[in-house]
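What's in structure.tsv: TSV, C-alpha atoms and all ligand atoms
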chain	number	residue	atom	x	y	z
A	10	MET	CA	22.23	-9.92	25.91
A	11	SER	CA	21.21	-13.31	24.57
A	12	PRO	CA	18.25	-14.78	26.45
A	13	LYS	CA	20.42	-17.87	27.06
A	14	THR	CA	23.09	-16.11	29.11
A	15	ASN	CA	20.91	-15.58	32.17
A	16	ASN	CA	19.75	-18.00	34.87
A	17	LEU	CA	17.02	-19.42	32.67
A	18	GLY	CA	19.52	-21.88	31.19
A	19	PRO	CA	18.13	-23.35	27.97
A	20	MET	CA	14.68	-21.92	28.62
A	21	GLU	CA	13.37	-18.86	26.81
A	22	ARG	CA	10.98	-16.52	28.53
A	23	ILE	CA	7.56	-16.27	26.85
A	24	VAL	CA	4.78	-13.71	27.15
A	25	GLY	CA	1.24	-15.00	27.69
A	26	THR	CA	-2.18	-13.44	27.20
A	27	ILE	CA	-4.62	-12.45	29.94
A	28	GLN	CA	-8.26	-13.16	29.04
A	29	PRO	CA	-10.58	-10.64	30.72
A	30	TYR	CA	-13.70	-12.86	30.84
A	31	ALA	CA	-16.43	-11.45	33.09
A	32	TRP	CA	-16.23	-14.28	35.65
A	33	GLY	CA	-12.54	-13.58	36.31
A	34	SER	CA	-11.19	-12.46	39.65
A	35	LYS	CA	-9.71	-8.96	39.95
A	36	THR	CA	-7.40	-9.97	42.77
A	37	ALA	CA	-6.21	-13.58	42.36
A	38	LEU	CA	-3.69	-13.23	39.50
A	39	ALA	CA	-2.64	-9.79	40.68
A	40	SER	CA	-1.89	-11.05	44.18
A	41	LEU	CA	0.22	-13.94	42.78
A	42	GLN	CA	2.27	-11.23	41.04
A	43	GLY	CA	2.38	-9.08	44.18
A	44	LYS	CA	0.32	-6.36	42.49
A	45	PRO	CA	-2.73	-4.43	43.71
A	46	GLU	CA	-6.24	-5.35	42.53
A	47	SER	CA	-6.63	-4.97	38.75
A	48	ASP	CA	-9.13	-2.60	37.15
A	49	GLY	CA	-11.00	-5.35	35.33
A	50	PRO	CA	-11.43	-9.11	35.64
A	51	GLU	CA	-8.37	-11.28	34.93
A	52	ALA	CA	-9.91	-14.69	34.26
A	53	GLU	CA	-7.18	-16.70	32.56
A	54	LEU	CA	-3.51	-16.27	31.73
A	55	TRP	CA	-2.76	-18.37	28.62
A	56	TYR	CA	0.59	-19.86	27.63
A	57	GLY	CA	0.55	-21.84	24.40
A	58	SER	CA	0.06	-21.68	20.66
A	59	HIS	CA	-3.73	-21.55	20.28
A	60	PRO	CA	-4.31	-19.31	17.21
A	61	SER	CA	-6.66	-17.01	19.12
A	62	ALA	CA	-3.90	-15.98	21.57
A	63	PRO	CA	-0.46	-17.44	20.77
A	64	SER	CA	2.38	-16.72	23.22
A	65	ARG	CA	5.49	-14.89	22.01
A	66	PHE	CA	9.16	-15.05	22.92
A	67	GLN	CA	9.94	-12.07	25.11
A	68	ALA	CA	13.36	-11.52	23.53
A	69	THR	CA	12.28	-11.44	19.88
A	70	GLY	CA	8.49	-10.98	19.85
A	71	ALA	CA	8.20	-14.03	17.58
A	72	VAL	CA	5.25	-16.36	18.05
A	73	ILE	CA	6.20	-19.71	19.59
A	74	GLY	CA	5.87	-22.91	17.54
A	75	ASP	CA	2.86	-25.21	17.70
A	76	LEU	CA	2.31	-27.04	20.97
A	77	PRO	CA	-0.27	-29.81	21.48
A	78	PHE	CA	-1.30	-28.31	24.84
A	79	LEU	CA	-2.33	-25.01	26.36
A	80	VAL	CA	-1.35	-23.96	29.91
A	81	LYS	CA	-3.51	-21.53	31.88
A	82	ILE	CA	-3.66	-20.01	35.29
A	83	LEU	CA	-7.41	-19.80	35.88
A	84	ALA	CA	-8.85	-17.37	38.44
A	85	ALA	CA	-12.58	-17.84	38.95
A	86	GLY	CA	-14.14	-14.97	40.90
A	87	ALA	CA	-17.63	-16.14	39.88
A	88	PRO	CA	-18.99	-19.49	38.63
A	89	LEU	CA	-18.27	-20.40	35.00
A	90	SER	CA	-20.85	-22.00	32.76
A	91	ILE	CA	-21.78	-25.68	33.06
A	92	GLN	CA	-20.02	-27.18	30.06
A	93	THR	CA	-18.53	-30.16	28.36
A	94	HIS	CA	-15.91	-30.70	25.65
A	95	PRO	CA	-16.09	-32.91	22.54
A	96	ASN	CA	-13.96	-35.93	21.75
A	97	ALA	CA	-11.69	-35.77	18.70
A	98	SER	CA	-14.18	-37.11	16.15
A	99	GLN	CA	-17.04	-34.93	17.46
A	100	ALA	CA	-14.76	-31.88	17.24
A	101	ARG	CA	-13.67	-32.65	13.68
A	102	ALA	CA	-17.27	-33.23	12.57
A	103	GLY	CA	-18.64	-30.21	14.43
A	104	PHE	CA	-15.96	-27.85	13.11
A	105	ALA	CA	-16.46	-29.06	9.53
A	106	ARG	CA	-20.24	-28.71	9.86
A	107	GLU	CA	-20.10	-25.12	11.14
A	108	GLU	CA	-17.48	-24.15	8.54
A	109	ALA	CA	-19.64	-25.63	5.77
A	110	ALA	CA	-22.68	-23.76	7.13
A	111	GLY	CA	-20.69	-20.50	7.03
A	112	VAL	CA	-21.11	-19.70	10.77
A	113	PRO	CA	-18.46	-17.03	11.49
A	114	LEU	CA	-15.77	-18.15	13.98
A	115	LYS	CA	-16.70	-15.42	16.45
A	116	ALA	CA	-20.50	-15.75	16.08
A	117	PRO	CA	-22.33	-16.23	19.40
A	118	THR	CA	-24.00	-19.35	17.98
A	119	ARG	CA	-20.66	-20.90	17.01
A	120	THR	CA	-19.72	-23.97	19.13
A	121	TYR	CA	-16.60	-25.40	17.42
A	122	ARG	CA	-13.79	-22.87	17.14
A	123	ASP	CA	-11.22	-25.48	16.06
A	124	ALA	CA	-11.20	-29.16	15.08
A	125	ASN	CA	-9.47	-30.52	18.20
A	126	HIS	CA	-10.69	-32.33	21.31
A	127	LYS	CA	-10.17	-30.62	24.67
A	128	PRO	CA	-9.43	-32.97	27.55
A	129	GLU	CA	-8.33	-30.81	30.49
A	130	ILE	CA	-6.97	-31.06	34.00
A	131	ILE	CA	-7.18	-28.37	36.65
A	132	ILE	CA	-4.98	-28.45	39.72
A	133	ALA	CA	-5.90	-26.23	42.65
A	134	LEU	CA	-3.53	-23.46	43.76
A	135	THR	CA	-6.01	-22.26	46.39
A	136	GLU	CA	-9.12	-24.04	47.65
A	137	PHE	CA	-11.01	-24.66	44.41
A	138	GLU	CA	-14.72	-25.45	44.15
A	139	ALA	CA	-16.20	-27.21	41.13
A	140	LEU	CA	-18.96	-29.39	39.80
A	141	CYS	CA	-17.50	-32.43	38.06
A	142	GLY	CA	-19.27	-35.33	36.33
A	143	PHE	CA	-22.72	-36.77	37.00
A	144	ARG	CA	-23.63	-38.16	40.39
A	145	PRO	CA	-24.86	-41.77	40.45
A	146	VAL	CA	-28.52	-41.97	39.37
A	147	ASP	CA	-29.82	-42.87	42.84
A	148	GLU	CA	-27.96	-39.92	44.31
A	149	ILE	CA	-29.47	-37.53	41.76
A	150	ALA	CA	-32.92	-38.82	42.69
A	151	SER	CA	-32.25	-38.45	46.42
A	152	VAL	CA	-30.84	-34.90	46.02
A	153	PHE	CA	-33.96	-33.91	44.04
A	154	HIS	CA	-36.21	-35.52	46.68
A	155	SER	CA	-34.30	-33.93	49.55
A	156	LEU	CA	-35.11	-30.47	48.23
A	157	GLY	CA	-38.71	-31.64	47.98
A	158	THR	CA	-40.36	-29.26	45.55
A	159	VAL	CA	-43.35	-30.76	43.73
A	160	HIS	CA	-41.66	-30.30	40.35
A	161	LEU	CA	-38.34	-31.81	41.38
A	162	ASN	CA	-40.12	-34.84	42.87
A	163	VAL	CA	-41.81	-35.44	39.51
A	164	PHE	CA	-38.46	-35.37	37.71
A	165	ALA	CA	-36.85	-37.64	40.34
A	166	ASP	CA	-39.70	-40.17	40.16
A	167	GLY	CA	-39.50	-40.29	36.36
A	168	LEU	CA	-35.72	-40.70	36.27
A	169	GLY	CA	-34.67	-43.88	34.44
A	170	ARG	CA	-32.10	-45.85	36.47
A	171	THR	CA	-29.44	-45.94	33.73
A	172	PRO	CA	-26.98	-43.39	32.29
A	173	GLU	CA	-29.46	-42.87	29.45
A	174	GLY	CA	-31.93	-41.74	32.15
A	175	ILE	CA	-29.43	-39.01	33.04
A	176	ARG	CA	-29.21	-37.88	29.42
A	177	GLU	CA	-33.01	-37.86	29.21
A	178	LEU	CA	-33.41	-35.83	32.42
A	179	LEU	CA	-30.88	-33.26	31.21
A	180	GLY	CA	-32.78	-32.99	27.93
A	181	LEU	CA	-36.09	-32.51	29.78
A	182	LEU	CA	-34.68	-29.75	32.00
A	183	LEU	CA	-33.00	-27.86	29.16
A	184	GLY	CA	-36.05	-28.32	26.95
A	185	LEU	CA	-38.49	-26.65	29.36
A	186	GLY	CA	-40.33	-23.60	28.07
A	187	ALA	CA	-39.50	-20.22	29.59
A	188	ASN	CA	-42.44	-20.24	32.03
A	189	ASP	CA	-41.89	-23.79	33.29
A	190	ARG	CA	-38.19	-23.12	33.67
A	191	ALA	CA	-38.81	-19.94	35.66
A	192	SER	CA	-41.28	-21.58	38.02
A	193	LEU	CA	-39.02	-24.62	38.56
A	194	VAL	CA	-36.02	-22.45	39.44
A	195	GLU	CA	-38.14	-20.16	41.59
A	196	SER	CA	-39.65	-23.04	43.59
A	197	LEU	CA	-36.19	-24.57	44.09
A	198	VAL	CA	-34.75	-21.27	45.32
A	199	ARG	CA	-37.71	-20.82	47.67
A	200	VAL	CA	-37.05	-24.23	49.29
A	201	CYS	CA	-33.29	-23.66	49.49
A	202	SER	CA	-33.89	-20.32	51.25
A	203	ARG	CA	-35.74	-21.95	54.17
A	204	PRO	CA	-33.90	-21.69	57.50
A	205	SER	CA	-33.96	-25.49	57.78
A	206	PHE	CA	-31.61	-25.63	54.75
A	207	ALA	CA	-29.12	-23.11	56.14
A	208	ALA	CA	-26.56	-25.87	56.81
A	209	ASN	CA	-27.32	-27.86	53.66
A	210	ASP	CA	-24.36	-27.58	51.25
A	211	THR	CA	-26.41	-28.35	48.16
A	212	ALA	CA	-29.11	-25.81	49.01
A	213	GLN	CA	-26.50	-23.15	49.75
A	214	LEU	CA	-24.75	-23.90	46.45
A	215	VAL	CA	-28.05	-23.39	44.57
A	216	LEU	CA	-28.51	-20.00	46.28
A	217	ARG	CA	-24.96	-18.91	45.40
A	218	LEU	CA	-25.31	-19.98	41.77
A	219	HIS	CA	-28.68	-18.23	41.59
A	220	GLU	CA	-27.13	-14.97	42.79
A	221	PHE	CA	-24.87	-14.96	39.73
A	222	TYR	CA	-27.34	-16.52	37.27
A	223	PRO	CA	-30.89	-15.66	38.42
A	224	GLY	CA	-33.56	-17.82	36.80
A	225	ASP	CA	-30.96	-19.98	35.05
A	226	ILE	CA	-31.90	-23.66	34.61
A	227	GLY	CA	-28.24	-24.42	35.38
A	228	CYS	CA	-29.17	-23.98	39.08
A	229	VAL	CA	-31.21	-27.20	38.70
A	230	VAL	CA	-28.72	-29.01	36.40
A	231	ALA	CA	-26.05	-28.37	39.08
A	232	LEU	CA	-27.92	-30.77	41.37
A	233	MET	CA	-27.11	-33.62	38.97
A	234	LEU	CA	-23.33	-33.10	39.29
A	235	ASN	CA	-20.71	-34.08	41.87
A	236	HIS	CA	-19.82	-31.07	44.03
A	237	VAL	CA	-16.13	-31.05	44.96
A	238	THR	CA	-13.91	-28.71	46.92
A	239	LEU	CA	-10.25	-29.29	46.09
A	240	ALA	CA	-7.46	-28.50	48.53
A	241	PRO	CA	-4.31	-26.95	46.99
A	242	GLY	CA	-2.54	-29.66	44.94
A	243	GLN	CA	-5.72	-31.67	44.36
A	244	ALA	CA	-6.99	-31.96	40.79
A	245	ILE	CA	-9.88	-32.98	38.59
A	246	PHE	CA	-9.42	-34.40	35.09
A	247	LEU	CA	-12.14	-33.61	32.59
A	248	ALA	CA	-12.25	-36.29	29.89
A	249	ALA	CA	-14.34	-35.82	26.75
A	250	GLY	CA	-18.04	-35.60	27.61
A	251	ASN	CA	-17.50	-34.84	31.32
A	252	VAL	CA	-20.06	-32.21	32.37
A	253	HIS	CA	-18.47	-29.69	34.74
A	254	ALA	CA	-18.43	-26.14	36.05
A	255	TYR	CA	-15.72	-24.26	37.91
A	256	ILE	CA	-17.29	-22.31	40.77
A	257	GLY	CA	-14.45	-20.46	42.43
A	258	GLY	CA	-10.73	-20.48	43.15
A	259	LEU	CA	-7.33	-20.29	41.53
A	260	GLY	CA	-5.76	-23.17	39.61
A	261	VAL	CA	-3.30	-24.29	36.97
A	262	GLU	CA	-5.18	-25.75	34.02
A	263	VAL	CA	-3.63	-27.72	31.17
A	264	MET	CA	-5.58	-28.94	28.17
A	265	ALA	CA	-5.26	-30.00	24.56
A	266	THR	CA	-4.86	-26.93	22.32
A	267	SER	CA	-8.54	-26.18	21.75
A	268	ASP	CA	-11.25	-23.74	22.71
A	269	ASN	CA	-14.23	-26.02	22.03
A	270	VAL	CA	-16.88	-25.56	24.71
A	271	VAL	CA	-20.40	-27.01	24.56
A	272	ARG	CA	-22.44	-25.18	27.20
A	273	GLY	CA	-25.23	-26.56	29.38
A	274	GLY	CA	-26.33	-23.83	31.79
A	275	LEU	CA	-25.18	-20.99	34.08
A	276	THR	CA	-24.64	-18.81	31.06
A	277	PRO	CA	-26.34	-16.05	29.12
A	278	LYS	CA	-24.68	-17.56	26.03
A	279	HIS	CA	-26.10	-19.85	23.38
A	280	ILE	CA	-26.93	-23.43	24.47
A	281	ASP	CA	-27.13	-25.94	21.63
A	282	VAL	CA	-29.19	-28.59	23.44
A	283	PRO	CA	-29.08	-31.36	20.80
A	284	GLU	CA	-25.30	-30.96	20.43
A	285	LEU	CA	-24.85	-30.97	24.22
A	286	LEU	CA	-26.88	-34.17	24.59
A	287	HIS	CA	-24.82	-35.72	21.78
A	288	VAL	CA	-21.46	-34.81	23.34
A	289	ILE	CA	-22.03	-35.59	27.04
A	290	ASP	CA	-20.92	-38.80	28.68
A	291	PRO	CA	-23.89	-39.63	30.96
A	292	THR	CA	-21.99	-42.33	32.86
A	293	PRO	CA	-21.86	-41.35	36.55
A	294	LEU	CA	-18.40	-40.34	37.75
A	295	LEU	CA	-17.77	-42.17	41.02
A	296	HIS	CA	-14.33	-40.73	41.86
A	297	PRO	CA	-14.08	-37.16	40.55
A	298	VAL	CA	-10.78	-36.30	42.29
A	299	PHE	CA	-7.69	-37.25	40.22
A	300	ARG	CA	-4.90	-39.16	41.98
A	301	PRO	CA	-1.39	-37.97	41.13
A	302	THR	CA	1.78	-39.85	42.01
A	303	VAL	CA	4.56	-38.31	44.08
A	304	ASP	CA	8.33	-38.58	43.84
A	305	ALA	CA	10.29	-36.91	46.65
A	306	THR	CA	14.03	-36.60	47.11
A	307	PRO	CA	15.81	-34.24	49.53
A	308	GLY	CA	15.01	-30.67	48.44
A	309	VAL	CA	12.77	-31.64	45.48
A	310	GLU	CA	9.21	-32.91	45.40
A	311	THR	CA	7.61	-33.82	42.07
A	312	VAL	CA	3.87	-34.46	41.94
A	313	MET	CA	2.93	-36.07	38.64
A	314	TYR	CA	-0.47	-35.46	37.13
A	315	HIS	CA	-0.47	-37.74	34.08
A	316	PRO	CA	-4.02	-38.27	32.82
A	317	PRO	CA	-4.77	-40.91	30.16
A	318	VAL	CA	-4.26	-38.62	27.12
A	319	HIS	CA	-1.40	-38.27	24.64
A	320	ASP	CA	-1.61	-34.45	24.41
A	321	PHE	CA	-0.12	-33.48	27.77
A	322	ALA	CA	1.12	-34.38	31.23
A	323	VAL	CA	1.84	-32.01	34.12
A	324	ASP	CA	4.39	-32.13	36.95
A	325	ARG	CA	4.36	-29.81	39.95
A	326	ILE	CA	7.96	-29.37	41.06
A	327	THR	CA	8.61	-27.92	44.51
A	328	LEU	CA	12.22	-26.87	45.01
A	329	GLU	CA	13.85	-26.21	48.37
A	330	GLY	CA	17.31	-25.28	47.14
A	331	ALA	CA	18.04	-28.53	45.28
A	332	THR	CA	18.15	-29.02	41.48
A	333	LYS	CA	15.71	-30.91	39.28
A	334	SER	CA	17.11	-31.99	35.91
A	335	TRP	CA	15.65	-33.63	32.82
A	336	VAL	CA	15.90	-33.66	29.04
A	337	ALA	CA	12.94	-32.35	27.07
A	338	THR	CA	11.80	-34.81	24.39
A	339	HIS	CA	9.32	-32.33	22.87
A	340	ASP	CA	8.85	-28.60	23.37
A	341	GLU	CA	7.66	-27.89	26.92
A	342	ILE	CA	6.39	-25.03	29.06
A	343	VAL	CA	7.69	-24.28	32.55
A	344	LEU	CA	5.53	-21.98	34.68
A	345	CYS	CA	6.33	-20.56	38.12
A	346	THR	CA	3.57	-19.98	40.69
A	347	GLU	CA	5.52	-19.51	43.92
A	348	GLY	CA	8.92	-18.25	45.02
A	349	SER	CA	11.59	-18.04	42.34
A	350	VAL	CA	12.70	-20.82	40.03
A	351	ASN	CA	15.75	-19.99	37.88
A	352	ASP	CA	14.78	-16.46	36.83
A	353	LEU	CA	11.03	-17.02	36.81
A	354	LEU	CA	8.71	-15.34	39.29
A	355	PRO	CA	5.06	-16.27	39.96
A	356	THR	CA	2.89	-16.29	36.78
A	357	GLN	CA	6.00	-16.10	34.53
A	358	ALA	CA	6.72	-18.87	32.06
A	359	ALA	CA	9.38	-20.12	29.67
A	360	LEU	CA	9.58	-22.45	26.72
A	361	VAL	CA	12.02	-25.35	26.64
A	362	GLN	CA	12.84	-26.66	23.19
A	363	ALA	CA	13.01	-30.38	22.40
A	364	GLY	CA	16.42	-31.86	23.15
A	365	GLU	CA	17.42	-29.27	25.76
A	366	HIS	CA	18.79	-30.25	29.18
A	367	VAL	CA	16.87	-28.44	31.92
A	368	HIS	CA	18.27	-27.77	35.39
A	369	LEU	CA	15.66	-26.13	37.62
A	370	ARG	CA	16.96	-24.45	40.73
A	371	GLY	CA	15.63	-22.18	43.40
A	372	ARG	CA	13.04	-22.06	46.14
A	373	GLY	CA	9.51	-22.19	44.89
A	374	VAL	CA	6.98	-24.05	42.81
A	375	ALA	CA	7.28	-24.64	39.06
A	376	TRP	CA	4.94	-26.50	36.74
A	377	ARG	CA	6.22	-28.52	33.81
A	378	ALA	CA	3.68	-29.12	31.02
A	379	PHE	CA	4.93	-31.58	28.43
A	380	GLN	CA	3.89	-34.20	25.95
A	381	PRO	CA	4.34	-37.68	27.40
A	382	VAL	CA	6.39	-40.23	25.47
A	383	PRO	CA	4.22	-43.31	24.84
A	384	GLY	CA	5.15	-46.18	27.12
A	385	ARG	CA	7.41	-44.07	29.29
A	386	GLU	CA	6.72	-41.88	32.31
B	401	ZN	ZN	-14.04	-27.12	30.73

Encoding of this model in C-alpha cells:
Amino acid sequence: MSPKTNNLGPMERIVGTIQPYAWGSKTALASLQGKPESDGPEAELWYGSHPSAPSRFQATGAVIGDLPFLVKILAAGAPLSIQTHPNASQARAGFAREEAAGVPLKAPTRTYRDANHKPEIIIALTEFEALCGFRPVDEIASVFHSLGTVHLNVFADGLGRTPEGIRELLGLLLGLGANDRASLVESLVRVCSRPSFAANDTAQLVLRLHEFYPGDIGCVVALMLNHVTLAPGQAIFLAAGNVHAYIGGLGVEVMATSDNVVRGGLTPKHIDVPELLHVIDPTPLLHPVFRPTVDATPGVETVMYHPPVHDFAVDRITLEGATKSWVATHDEIVLCTEGSVNDLLPTQAALVQAGEHVHLRGRGVAWRAFQPVPGRE
C-alpha cells in the first residue's frame, strides 16, 4: 500500500530517534504513548535531519531531506545543565577552530558539533519549570542578599550595575578554585535549609538543584537567572546568548538544526569558561515568557509561536472535528501530541513536502513546524 492512500493525505509518516540522556523521564514520553514506564530514561524524541540522528520515512527507510529545523518532544525528569547557544558567526568560527585543532566530534571537550546557530523555543505540554535569561542586576543583588551568606553578600556588593557586571560576576563564580567553590555552595545550601526559608521559592530551588548536582557552582549561578513555571501552552524563546536551564516537565521544542551547547553549570561535563563568557548575552531579560498569537474558528484553534528567526515557526493546532488546511511552501513536520489527527497518534510525526496541500482532521492536538516565508505570516 502506498503511504499516500491512507488518512495521512499528502503527509508521509517518519520515524524519529529517542535520546536516552540521563536527565530524561522514564514515564513522560511513555505515558503520552499510553505505554508503561520505560526501562531507561527517554529524554528527547527527535524529528529532523540533524546528521547525528536523522529521521527516516517509515515506508521506505530512506533518510528525509535536509530541514533547517529540528523538532523534539523533551521530557525532563531532572534538571538539565545551565547552557547557552552561539549565534551564527560564533558557531561558524567555533566549529572551524575545533576542526582545525583536530578535536574529535565526540570528544568530551568538544563544544561545536556543527557550524550552525541554535535559537530554540520550548512550549509546555505539562507544567514546565525553567531558568531563562538573566534577572535585572538589582534583582540579582537582592536575591544574593536575601540568602545572606557572607560570601554571597561580597559578590552582591561588588556587582557592577551594568550587563557587563553580570558577565563579570559569572566569570568570578565559574573561576573559583575547588575549595572556594565548595565552601560557597555549602554555605548557600546551609542557609537555604533553614526552616525560615521553607516557603522561599528560590531557596527551595537551590536545594532541589543541589540534590541532583551536589557541590555544583550552577546552584549559585541559578540565582542570577529568571525562574519561570510555564502552564501548558506557554513558551520561552531562547535567542542566541540566552543563558537557560530546563528543570522539569514535558514540552515541544523546535530549534535550528544544530547541537551546539555551551555549558555553564549543573553538569559533570566540560565547561569552557572563556567561550561561555564570549557567547552569553548578559543583557537582563525582562519578559522571559513568549507571547504567541491565537486564531480561533469553530472547531479549530491555532496558536502561533513565531519567534524572530528565519529557521522555523511553530503552530499548535487544536482540532475539534473541523479541518485545518494550508499549502506547504517548504518541507514541514507535523507532530501529534494528543488525540488523533489524520492517522497520527501522540508522539507520531509526518513530513509534508513543499507544494503539498494539507488537510488536517480529527480530534486532538497537532504541531506544525515550518520555515516562515519572509514578510508573510
Ligand atoms: Zn538550550

Original post:
Counting only C-alpha atoms and all ligand atoms, which protein, DNA or RNA residues come within 10 Å of ligand ZN 401 (chain B), given as a PyMOL selection string?
Top reply: chain A and resi 89-94+127-131+141+246-255+262+264+268-272

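We find CA of His339 in chain A and CA of Gln380 in chain A to be spaced 6.5 Å apart.
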
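The coordinates place CA of Leu328 in chain A at 11.7 Å from CA of Val312 in chain A.
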
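Here CA of Val229 in chain A and CA of Val215 in chain A stand 7.7 Å from one another.
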
Original post:
Hey, what's within 10 Å of Pro297 in chain A if we count all atoms listed in the file and toss same-chain stuff fewer than 4 positions away? As a PyMOL selection string, please?
Top reply: chain A and resi 140-144+235-237+244-247+293

Subject >> Distance query Ala84 in chain A at most 8 Å, all atoms listed in the file, self and fewer than 5 positions along chain excluded, as a PyMOL selection string >> reply: chain A and resi 33-34+37-38+51-53+257-260

Residues of range 54-155 of chain A that have any atom at most 10 Å from an atom of range 191-214 of chain A: could you tabulate them with the shortest-distance atom pair and the distance in Å to one decimal, using all atoms listed in the file, ordered by chain and increasing number, as a tab-separated table?
residue	atom	partner	partner_atom	distance
A:Val152	CA	A:Thr211	CA	8.2
A:Phe153	CA	A:Leu197	CA	9.6
A:Ser155	CA	A:Ala212	CA	9.7

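If you measure from each of A:Thr276, A:Thr266, A:Asn125, A:Thr171 to Pro291 in chain A using all atoms listed in the file, the closest one turns out to be A:Thr171.
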
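Nearest-residue note for Ala62 in chain A: choosing from A:Ser151, A:Gly18, A:Gly49, A:Ser267, the minimum distance belongs to A:Ser267, counting all atoms listed in the file.
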
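The residue that comes closest to Thr120 in chain A, out of A:Ile280, A:Ala265, A:Leu239, A:Leu275 and on the basis of only C-alpha atoms, is A:Ile280.
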
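Compared by their closest atoms to Pro277 in chain A, and using all atoms listed in the file, the residues A:Arg372, A:Phe66, A:Pro223, A:Pro95 rank with A:Pro223 nearest.
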
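By chain and then residue number, the residues within 8 Å of His219 in chain A are Val198, Gly224, Asp225 and Cys228 of chain A, counting all atoms listed in the file and disregarding those fewer than 5 positions away in sequence.
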
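Residues in contact range of Gly167 in chain A, defined as at most 12 Å between only C-alpha atoms, with sequence neighbours fewer than 2 positions away removed, read Val146, Asp147, Ile149, Ala150, Phe153, His154, His160, Leu161, Asn162, Val163, Phe164, Ala165, Gly169, Arg170, Thr171, Gly174, Ile175, Glu177, Leu178 and Leu181 of chain A.
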
Subject >> Residue among A:Phe104, A:Tyr222, A:Phe321, A:Trp335 lying closest to Val80 in chain A, counting all atoms listed in the file >> reply: A:Phe321

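Nearest to Val350 in chain A of all the residues A:Ala337, A:Val318, A:Met20, A:Val72 is A:Met20, counting all atoms listed in the file.
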
**OP:** Tell me which protein, DNA and RNA residues are within 10 Å of Asp75 in chain A, counting all atoms listed in the file, leaving out same-chain ones fewer than 4 positions away, and put them as a PyMOL selection string.
**Re:** chain A and resi 57-60+63+266+340

Export all heavy atoms of range 149-154 of chain A from the structure just given, as a JSON list (two decimals), in the first residue's frame?
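And here's selection32.json as it stands now:
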[["chain", "number", "residue", "atom", "x", "y", "z"],
["A", 149, "ILE", "N", 19.35, 40.54, 40.96],
["A", 149, "ILE", "CA", 20.40, 39.56, 41.29],
["A", 149, "ILE", "C", 21.00, 39.93, 42.65],
["A", 149, "ILE", "O", 21.14, 39.08, 43.54],
["A", 149, "ILE", "CB", 21.51, 39.54, 40.21],
["A", 149, "ILE", "CG1", 20.95, 39.03, 38.88],
["A", 149, "ILE", "CG2", 22.69, 38.67, 40.67],
["A", 149, "ILE", "CD1", 21.95, 39.08, 37.72],
["A", 150, "ALA", "N", 21.30, 41.22, 42.81],
["A", 150, "ALA", "CA", 21.90, 41.66, 44.08],
["A", 150, "ALA", "C", 20.95, 41.37, 45.23],
["A", 150, "ALA", "O", 21.36, 40.88, 46.29],
["A", 150, "ALA", "CB", 22.24, 43.14, 44.02],
["A", 151, "SER", "N", 19.66, 41.64, 45.06],
["A", 151, "SER", "CA", 18.74, 41.45, 46.18],
["A", 151, "SER", "C", 18.51, 39.96, 46.47],
["A", 151, "SER", "O", 18.36, 39.57, 47.63],
["A", 151, "SER", "CB", 17.45, 42.23, 46.00],
["A", 151, "SER", "OG", 16.62, 41.58, 45.09],
["A", 152, "VAL", "N", 18.53, 39.11, 45.44],
["A", 152, "VAL", "CA", 18.42, 37.66, 45.69],
["A", 152, "VAL", "C", 19.64, 37.18, 46.48],
["A", 152, "VAL", "O", 19.52, 36.44, 47.46],
["A", 152, "VAL", "CB", 18.28, 36.87, 44.37],
["A", 152, "VAL", "CG1", 18.44, 35.38, 44.60],
["A", 152, "VAL", "CG2", 16.93, 37.14, 43.73],
["A", 153, "PHE", "N", 20.83, 37.62, 46.07],
["A", 153, "PHE", "CA", 22.05, 37.22, 46.79],
["A", 153, "PHE", "C", 21.97, 37.70, 48.24],
["A", 153, "PHE", "O", 22.25, 36.94, 49.16],
["A", 153, "PHE", "CB", 23.29, 37.81, 46.10],
["A", 153, "PHE", "CG", 23.81, 36.99, 44.94],
["A", 153, "PHE", "CD1", 22.95, 36.32, 44.09],
["A", 153, "PHE", "CD2", 25.18, 36.87, 44.71],
["A", 153, "PHE", "CE1", 23.43, 35.56, 43.02],
["A", 153, "PHE", "CE2", 25.67, 36.11, 43.65],
["A", 153, "PHE", "CZ", 24.80, 35.46, 42.80],
["A", 154, "HIS", "N", 21.56, 38.96, 48.44],
["A", 154, "HIS", "CA", 21.46, 39.50, 49.81],
["A", 154, "HIS", "C", 20.41, 38.75, 50.62],
["A", 154, "HIS", "O", 20.59, 38.50, 51.81],
["A", 154, "HIS", "CB", 21.13, 40.99, 49.79],
["A", 154, "HIS", "CG", 22.32, 41.87, 49.53],
["A", 154, "HIS", "ND1", 23.45, 41.86, 50.32],
["A", 154, "HIS", "CD2", 22.55, 42.81, 48.56],
["A", 154, "HIS", "CE1", 24.34, 42.73, 49.84],
["A", 154, "HIS", "NE2", 23.82, 43.31, 48.78]]
